[in-house]
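A.B. asks: For reference, the file data-v4.pdb (PDB, C-alpha atoms) is included below:
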ATOM      1  CA  CYS A   1     135.181  65.425 133.166
ATOM      2  CA  LEU A   2     133.869  65.895 136.705
ATOM      3  CA  ALA A   3     132.123  62.523 136.580
ATOM      4  CA  ILE A   4     135.456  60.884 135.765
ATOM      5  CA  ALA A   5     137.557  62.924 138.181
ATOM      6  CA  PHE A   6     135.250  62.640 141.207
ATOM      7  CA  PRO A   7     135.702  58.859 141.838
ATOM      8  CA  VAL A   8     139.468  59.396 141.654
ATOM      9  CA  ILE A   9     139.762  62.549 143.752
ATOM     10  CA  PHE A  10     137.162  61.748 146.428
ATOM     11  CA  PRO A  11     139.057  58.849 148.119
ATOM     12  CA  ILE A  12     142.194  61.005 148.284
ATOM     13  CA  LEU A  13     140.315  63.899 149.866
ATOM     14  CA  TRP A  14     138.637  61.517 152.314
ATOM     15  CA  ILE A  15     141.999  60.056 153.400
ATOM     16  CA  VAL A  16     143.380  63.569 153.880
ATOM     17  CA  SER A  17     140.310  64.451 155.958
ATOM     18  CA  LEU A  18     140.728  61.362 158.157
ATOM     19  CA  SER A  19     144.419  62.123 158.693
ATOM     20  CA  LEU A  20     143.527  65.589 160.018
ATOM     21  CA  ASP A  21     140.623  64.418 162.183
ATOM     22  CA  PRO A  22     141.528  65.062 165.857
ATOM     23  CA  ARG A  23     139.076  62.488 167.267
ATOM     24  CA  GLY A  24     141.314  59.445 166.682
ATOM     25  CA  LEU A  25     138.526  57.311 165.234
ATOM     26  CA  THR A  26     138.760  53.523 165.326
ATOM     27  CA  ARG A  27     135.895  53.321 162.847
ATOM     28  CA  PRO A  28     135.111  55.944 160.187
ATOM     29  CA  ASP A  29     131.764  57.579 160.958
ATOM     30  CA  GLY A  30     130.907  58.498 157.381
ATOM     31  CA  LEU A  31     132.155  59.910 154.120
ATOM     32  CA  ASN A  32     132.837  63.336 155.554
ATOM     33  CA  LEU A  33     135.327  65.512 153.696
ATOM     34  CA  ILE A  34     135.410  68.222 156.360
ATOM     35  CA  PRO A  35     136.619  67.043 159.786
ATOM     36  CA  PRO A  36     135.270  68.688 162.973
ATOM     37  CA  GLY A  37     138.754  70.065 163.589
ATOM     38  CA  ILE A  38     142.260  70.011 162.175
ATOM     39  CA  SER A  39     145.155  68.331 163.927
ATOM     40  CA  PHE A  40     148.535  67.091 162.722
ATOM     41  CA  ASP A  41     149.002  64.817 165.737
ATOM     42  CA  ALA A  42     148.518  61.710 163.600
ATOM     43  CA  TYR A  43     151.469  62.672 161.414
ATOM     44  CA  GLY A  44     153.580  63.248 164.511
ATOM     45  CA  ARG A  45     152.709  59.837 165.939
ATOM     46  CA  VAL A  46     153.452  58.099 162.649
ATOM     47  CA  LEU A  47     156.805  59.815 162.217
ATOM     48  CA  GLU A  48     157.772  59.121 165.832
ATOM     49  CA  GLN A  49     156.625  55.484 166.164
ATOM     50  CA  PRO A  50     154.503  54.177 163.271
ATOM     51  CA  THR A  51     153.842  50.703 164.772
ATOM     52  CA  SER A  52     154.332  48.872 168.044
ATOM     53  CA  ASN A  53     157.545  47.358 166.659
ATOM     54  CA  ASP A  54     160.876  48.919 167.577
ATOM     55  CA  ILE A  55     161.594  50.538 164.229
ATOM     56  CA  SER A  56     161.336  54.176 163.185
ATOM     57  CA  PHE A  57     159.556  55.631 160.181
ATOM     58  CA  LEU A  58     162.872  56.741 158.693
ATOM     59  CA  GLN A  59     164.263  53.202 158.917
ATOM     60  CA  LEU A  60     161.139  51.833 157.249
ATOM     61  CA  ALA A  61     161.468  54.459 154.521
ATOM     62  CA  ALA A  62     165.157  53.651 154.043
ATOM     63  CA  ASN A  63     164.354  49.950 153.625
ATOM     64  CA  SER A  64     161.607  50.708 151.109
ATOM     65  CA  LEU A  65     163.889  53.114 149.256
ATOM     66  CA  LEU A  66     166.570  50.431 148.998
ATOM     67  CA  VAL A  67     164.173  47.977 147.377
ATOM     68  CA  ALA A  68     162.514  50.611 145.164
ATOM     69  CA  SER A  69     165.691  52.262 143.893
ATOM     70  CA  GLY A  70     167.392  48.915 143.303
ATOM     71  CA  THR A  71     164.389  47.671 141.333
ATOM     72  CA  ALA A  72     164.218  50.854 139.247
ATOM     73  CA  ILE A  73     167.939  50.862 138.412
ATOM     74  CA  ALA A  74     168.097  47.145 137.605
ATOM     75  CA  SER A  75     164.934  47.313 135.494
ATOM     76  CA  VAL A  76     166.418  50.091 133.374
ATOM     77  CA  LEU A  77     169.966  48.733 133.048
ATOM     78  CA  ILE A  78     169.083  45.090 132.382
ATOM     79  CA  GLY A  79     165.859  45.897 130.548
ATOM     80  CA  VAL A  80     167.342  48.301 128.002
ATOM     81  CA  SER A  81     170.281  45.976 127.314
ATOM     82  CA  ALA A  82     168.006  43.009 126.654
ATOM     83  CA  ALA A  83     165.531  45.142 124.717
ATOM     84  CA  TYR A  84     168.294  46.459 122.441
ATOM     85  CA  ALA A  85     169.462  42.926 121.722
ATOM     86  CA  PHE A  86     165.931  41.796 120.825
ATOM     87  CA  SER A  87     165.268  44.930 118.774
ATOM     88  CA  ARG A  88     168.483  45.165 116.769
ATOM     89  CA  MET A  89     170.166  41.747 116.738
ATOM     90  CA  GLN A  90     169.330  38.434 115.125
ATOM     91  CA  PHE A  91     170.447  35.338 117.044
ATOM     92  CA  ARG A  92     169.404  31.752 117.530
ATOM     93  CA  GLY A  93     166.507  31.328 119.927
ATOM     94  CA  ARG A  94     165.468  34.987 119.770
ATOM     95  CA  GLU A  95     161.777  34.289 119.164
ATOM     96  CA  VAL A  96     161.664  31.547 121.788
ATOM     97  CA  LEU A  97     163.203  33.828 124.403
ATOM     98  CA  MET A  98     160.759  36.611 123.605
ATOM     99  CA  ILE A  99     157.796  34.251 123.979
ATOM    100  CA  ALA A 100     159.259  32.911 127.234
ATOM    101  CA  ILE A 101     159.572  36.449 128.606
ATOM    102  CA  LEU A 102     155.989  37.151 127.567
ATOM    103  CA  GLY A 103     154.906  33.969 129.352
ATOM    104  CA  VAL A 104     156.584  35.101 132.561
ATOM    105  CA  LEU A 105     154.876  38.477 132.197
ATOM    106  CA  MET A 106     151.486  36.751 132.153
ATOM    107  CA  LEU A 107     152.123  34.928 135.443
ATOM    108  CA  PRO A 108     150.691  36.536 138.594
ATOM    109  CA  ALA A 109     153.393  37.659 141.017
ATOM    110  CA  VAL A 110     151.981  35.488 143.800
ATOM    111  CA  ALA A 111     152.679  32.357 141.731
ATOM    112  CA  THR A 112     156.435  32.992 141.910
ATOM    113  CA  ILE A 113     156.713  33.542 145.666
ATOM    114  CA  ALA A 114     157.330  29.917 146.675
ATOM    115  CA  PRO A 115     159.918  29.005 144.009
ATOM    116  CA  LEU A 116     161.810  32.286 144.468
ATOM    117  CA  PHE A 117     161.865  31.849 148.240
ATOM    118  CA  VAL A 118     163.233  28.311 147.955
ATOM    119  CA  LEU A 119     165.815  29.398 145.379
ATOM    120  CA  LEU A 120     167.045  32.509 147.201
ATOM    121  CA  THR A 121     167.283  30.851 150.612
ATOM    122  CA  ARG A 122     169.841  28.445 149.147
ATOM    123  CA  PHE A 123     172.278  31.349 148.780
ATOM    124  CA  GLN A 124     173.905  31.682 152.179
ATOM    125  CA  ILE A 125     177.191  33.209 153.333
ATOM    126  CA  GLY A 126     177.762  32.678 157.032
ATOM    127  CA  ASP A 127     174.715  34.022 158.861
ATOM    128  CA  PHE A 128     173.535  35.968 155.816
ATOM    129  CA  VAL A 129     170.697  34.272 153.921
ATOM    130  CA  LEU A 130     169.749  36.011 150.669
ATOM    131  CA  GLY A 131     166.141  34.832 150.842
ATOM    132  CA  ARG A 132     165.788  36.372 154.305
ATOM    133  CA  SER A 133     167.082  39.816 153.406
ATOM    134  CA  LEU A 134     165.930  42.954 151.624
ATOM    135  CA  TYR A 135     168.311  42.086 148.795
ATOM    136  CA  GLY A 136     166.366  38.870 148.279
ATOM    137  CA  VAL A 137     163.130  40.886 148.174
ATOM    138  CA  MET A 138     164.750  43.231 145.663
ATOM    139  CA  ILE A 139     165.809  40.362 143.389
ATOM    140  CA  ALA A 140     162.324  38.869 143.586
ATOM    141  CA  VAL A 141     160.696  42.185 142.652
ATOM    142  CA  ILE A 142     163.186  42.710 139.818
ATOM    143  CA  SER A 143     162.353  39.274 138.410
ATOM    144  CA  GLY A 144     158.741  40.362 138.125
ATOM    145  CA  ALA A 145     159.486  43.843 136.772
ATOM    146  CA  LEU A 146     161.991  42.828 134.092
ATOM    147  CA  PRO A 147     159.627  41.076 131.623
ATOM    148  CA  PHE A 148     157.460  44.189 131.303
ATOM    149  CA  ALA A 149     160.521  46.441 131.171
ATOM    150  CA  ILE A 150     162.042  44.410 128.336
ATOM    151  CA  TRP A 151     158.869  44.318 126.256
ATOM    152  CA  ASN A 152     158.081  47.974 126.900
ATOM    153  CA  LEU A 153     161.581  49.134 125.986
ATOM    154  CA  LYS A 154     161.801  46.850 122.950
ATOM    155  CA  GLY A 155     158.590  48.319 121.571
ATOM    156  CA  TYR A 156     160.018  51.814 121.954
ATOM    157  CA  LEU A 157     163.428  50.951 120.488
ATOM    158  CA  ASP A 158     161.687  49.472 117.450
ATOM    159  CA  THR A 159     160.316  52.945 116.677
ATOM    160  CA  ILE A 160     163.785  54.529 116.575
ATOM    161  CA  PRO A 161     164.939  54.579 112.924
ATOM    162  CA  ARG A 162     167.826  52.256 112.143
ATOM    163  CA  GLU A 163     169.115  54.846 109.716
ATOM    164  CA  LEU A 164     170.436  56.846 112.667
ATOM    165  CA  GLU A 165     172.743  53.990 113.658
ATOM    166  CA  GLU A 166     173.701  53.335 110.059
ATOM    167  CA  ALA A 167     174.673  56.976 109.590
ATOM    168  CA  ALA A 168     176.739  56.838 112.795
ATOM    169  CA  SER A 169     178.380  53.635 111.590
ATOM    170  CA  VAL A 170     179.389  55.344 108.333
ATOM    171  CA  ASP A 171     181.016  58.059 110.434
ATOM    172  CA  GLY A 172     183.062  55.408 112.235
ATOM    173  CA  ALA A 173     180.968  54.855 115.358
ATOM    174  CA  SER A 174     180.964  51.359 116.849
ATOM    175  CA  ARG A 175     177.772  49.576 117.949
ATOM    176  CA  ASN A 176     178.461  50.483 121.574
ATOM    177  CA  GLN A 177     178.989  54.141 120.692
ATOM    178  CA  SER A 178     175.739  54.188 118.716
ATOM    179  CA  PHE A 179     173.948  52.608 121.641
ATOM    180  CA  PHE A 180     175.206  55.058 124.268
ATOM    181  CA  ARG A 181     175.250  58.235 122.146
ATOM    182  CA  ILE A 182     172.175  57.753 119.944
ATOM    183  CA  ILE A 183     169.789  55.093 121.235
ATOM    184  CA  LEU A 184     169.880  55.883 124.947
ATOM    185  CA  PRO A 185     169.301  59.661 124.574
ATOM    186  CA  LEU A 186     166.355  59.017 122.266
ATOM    187  CA  ALA A 187     164.952  56.359 124.600
ATOM    188  CA  VAL A 188     164.866  58.634 127.674
ATOM    189  CA  PRO A 189     161.019  58.779 127.754
ATOM    190  CA  ALA A 190     160.740  54.979 127.795
ATOM    191  CA  LEU A 191     163.581  54.708 130.309
ATOM    192  CA  ALA A 192     161.813  57.205 132.580
ATOM    193  CA  VAL A 193     158.565  55.233 132.422
ATOM    194  CA  THR A 194     160.403  51.978 133.110
ATOM    195  CA  ALA A 195     162.272  53.486 136.050
ATOM    196  CA  PHE A 196     159.081  54.981 137.477
ATOM    197  CA  LEU A 197     157.133  51.721 137.247
ATOM    198  CA  GLY A 198     160.074  49.818 138.712
ATOM    199  CA  PHE A 199     160.230  52.278 141.600
ATOM    200  CA  ILE A 200     156.513  51.848 142.280
ATOM    201  CA  ALA A 201     156.842  48.045 142.172
ATOM    202  CA  GLY A 202     159.622  48.094 144.755
ATOM    203  CA  TRP A 203     158.121  50.829 146.930
ATOM    204  CA  THR A 204     154.706  49.157 147.251
ATOM    205  CA  GLU A 205     155.932  45.543 147.453
ATOM    206  CA  TYR A 206     154.221  43.629 150.256
ATOM    207  CA  TYR A 207     153.866  39.899 149.551
ATOM    208  CA  PHE A 208     157.570  39.128 149.088
ATOM    209  CA  THR A 209     158.392  41.181 152.172
ATOM    210  CA  VAL A 210     155.922  39.270 154.346
ATOM    211  CA  ILE A 211     157.273  35.891 153.223
ATOM    212  CA  PHE A 212     160.983  36.731 153.096
ATOM    213  CA  ILE A 213     161.494  39.118 156.013
ATOM    214  CA  SER A 214     161.373  37.971 159.627
ATOM    215  CA  GLU A 215     163.507  40.628 161.351
ATOM    216  CA  VAL A 216     161.880  43.867 162.478
ATOM    217  CA  ASN A 217     164.782  46.059 161.340
ATOM    218  CA  GLN A 218     164.210  44.953 157.720
ATOM    219  CA  GLN A 219     160.508  45.754 157.522
ATOM    220  CA  THR A 220     159.302  48.191 154.873
ATOM    221  CA  LEU A 221     156.662  50.899 154.787
ATOM    222  CA  ALA A 222     154.140  48.662 153.006
ATOM    223  CA  TYR A 223     154.664  45.970 155.636
ATOM    224  CA  ALA A 224     154.261  48.448 158.513
ATOM    225  CA  LEU A 225     151.170  50.055 156.973
ATOM    226  CA  ASN A 226     149.439  46.681 156.947
ATOM    227  CA  LEU A 227     150.357  46.147 160.608
ATOM    228  CA  LEU A 228     148.288  49.204 161.534
ATOM    229  CA  VAL A 229     145.121  47.519 160.305
ATOM    230  CA  GLY A 230     145.223  44.667 162.813
ATOM    231  CA  GLN A 231     143.714  41.223 162.470
ATOM    232  CA  PHE A 232     140.042  42.187 162.287
ATOM    233  CA  SER A 233     140.307  45.946 161.625
ATOM    234  CA  THR A 234     138.203  46.710 164.729
ATOM    235  CA  GLN A 235     140.826  48.774 166.558
ATOM    236  CA  THR A 236     142.528  50.428 163.627
ATOM    237  CA  PRO A 237     143.645  54.019 164.394
ATOM    238  CA  TRP A 238     142.274  55.413 161.158
ATOM    239  CA  SER A 239     143.758  58.867 161.584
ATOM    240  CA  ASP A 240     147.215  57.326 161.975
ATOM    241  CA  PHE A 241     146.550  54.922 159.120
ATOM    242  CA  SER A 242     145.485  57.766 156.814
ATOM    243  CA  ALA A 243     148.485  59.898 157.758
ATOM    244  CA  PHE A 244     150.767  56.900 157.154
ATOM    245  CA  ALA A 245     149.128  56.271 153.763
ATOM    246  CA  ILE A 246     149.697  59.874 152.682
ATOM    247  CA  LEU A 247     153.332  59.836 153.784
ATOM    248  CA  PHE A 248     153.708  56.486 152.031
ATOM    249  CA  ALA A 249     152.353  57.828 148.735
ATOM    250  CA  LEU A 250     154.226  61.139 148.840
ATOM    251  CA  PRO A 251     157.642  59.865 147.586
ATOM    252  CA  VAL A 252     155.990  58.206 144.575
ATOM    253  CA  ALA A 253     154.326  61.497 143.691
ATOM    254  CA  LEU A 254     157.643  63.320 144.043
ATOM    255  CA  VAL A 255     159.397  60.809 141.787
ATOM    256  CA  TYR A 256     156.675  61.298 139.180
ATOM    257  CA  VAL A 257     157.037  65.076 139.352
ATOM    258  CA  PHE A 258     160.789  64.712 138.856
ATOM    259  CA  LEU A 259     160.457  62.339 135.876
ATOM    260  CA  GLN A 260     157.436  63.785 134.115
ATOM    261  CA  LYS A 261     159.484  66.206 132.025
ATOM    262  CA  TYR A 262     161.367  63.220 130.590
ATOM    263  CA  ILE A 263     158.206  61.326 129.730
ATOM    264  CA  ILE A 264     157.762  63.005 126.388
ATOM    265  CA  GLY A 265     157.082  60.975 123.282
ATOM    266  CA  GLY A 266     158.314  61.518 119.795
ATOM    267  CA  LEU A 267     161.900  62.531 120.488
ATOM    268  CA  ALA A 268     163.024  60.475 117.513
ATOM    269  CA  VAL A 269     160.607  62.190 115.123
ATOM    270  CA  GLY A 270     162.512  64.234 112.600
ATOM    271  CA  GLY A 271     165.817  62.612 113.465
ATOM    272  CA  VAL A 272     166.118  61.303 109.915
ATOM    273  CA  LYS A 273     165.619  63.637 107.011
ATOM    274  CA  GLY A 274     163.660  62.276 104.092
TER     275      GLY A 274
END
Kindly transcribe the structure held in the file into structure tokens.
C.D. replies:
Amino acid sequence: CLAIAFPVIFPILWIVSLSLDPRGLTRPDGLNLIPPGISFDAYGRVLEQPTSNDISFLQLAANSLLVASGTAIASVLIGVSAAYAFSRMQFRGREVLMIAILGVLMLPAVATIAPLFVLLTRFQIGDFVLGRSLYGVMIAVISGALPFAIWNLKGYLDTIPRELEEAASVDGASRNQSFFRIILPLAVPALAVTAFLGFIAGWTEYYFTVIFISEVNQQTLAYALNLLVGQFSTQTPWSDFSAFAILFALPVALVYVFLQKYIIGGLAVGGVKG
């Protein structure tokens, strides 16, 4: 167990150590887990002015939260609707659509940057250009998150016994009522996983942000974290970088803590008596 846990825990402890190092190193001097002193100055500098650009940490976090929360919500709402249709309904072109979604899932995200940028920049209202905004980044991230969300949720919905819906139908429930009152409550674990992965995808998104965003006030935490490295990484303030990385990862950990109680399998077991 220790052999497996050590490679995972050691980098985290090392980053924490660097963030507390008071020397302000521009080059790490070794794999030391215990710094010569403890200082929280790096966290103060990051929270006050994370980069040389005129944007605060809170504004960066708000921009990242917009993309992450939008991706999570859209992945769940659109994903579960499509997954239910594929799981429970028979319609023309069903198999073709499922294979097409699987094909999109196999594409690397970087392969879709150019076509999505060209497509989204065509949507313009006055001075607002969708492909140059955080909403354009959100749509691009959602397009990459949806194929996995649909397949993941469909696989889970397939395990929910159809007899539950049939029994509800006998009692006079419509398909919509069965969906909202039976399927969704039983699918909470899969919905929580989908929402969590969607949140991570939006929170850590970098490539779409670099290509789409040109204004400083729309930069995200992932974008700003990369700016700290510099072109050749020779003058990187590693204490600030480590503190930024910890603050960047903290919301994801909090979201996981909040959702972990919902990520419980087997809620549908025993729902149908033999």
A.B. asks: Could you state which residues are captured by the PyMOL selection byres ((chain A and resi 120-124) around 10) in this file, as a list in words?
C.D. replies: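 Written out, the selection comes to Pro115, Leu116, Phe117, Val118, Leu119, Ile125, Gly126, Asp127, Phe128, Val129, Leu130, Gly131, Arg132, Ser133, Tyr135, Gly136, Val137, Ile139, Ala140 and Phe212 of chain A.
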A.B. asks: Any idea what's packed within 7 Å of segment 15-18 of chain A, counting only C-alpha atoms, ignoring anything in its chain fewer than 2 positions away? Could you give it as an MDAnalysis selection string?
C.D. replies: chainID A and resid 11:13 20:21 33:35 238:239 242
A.B. asks: Apply the PyMOL selection byres ((chain A and resi 79) around 8) to the structure shown and report the selected residues as a ChimeraX atom specification.
C.D. replies: /A:74-78,80-83,146-147,149-150,153
A.B. asks: Name every residue that the PyMOL selection byres ((chain A and resi 159-168) around 9) selects in this structure, writing the answer as a ChimeraX atom specification with chains first and numbers rising.
C.D. replies: /A:88,154-158,169-175,177-179,182-183,186-187,268-269,271-272
A.B. asks: Between atom CA of Leu221 of chain A and atom CA of Phe57 of chain A, what is the distance in Å, rounded to a tenth?
C.D. replies: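 Between atom CA of Leu221 of chain A and atom CA of Phe57 of chain A the gap is 7.7 Å.
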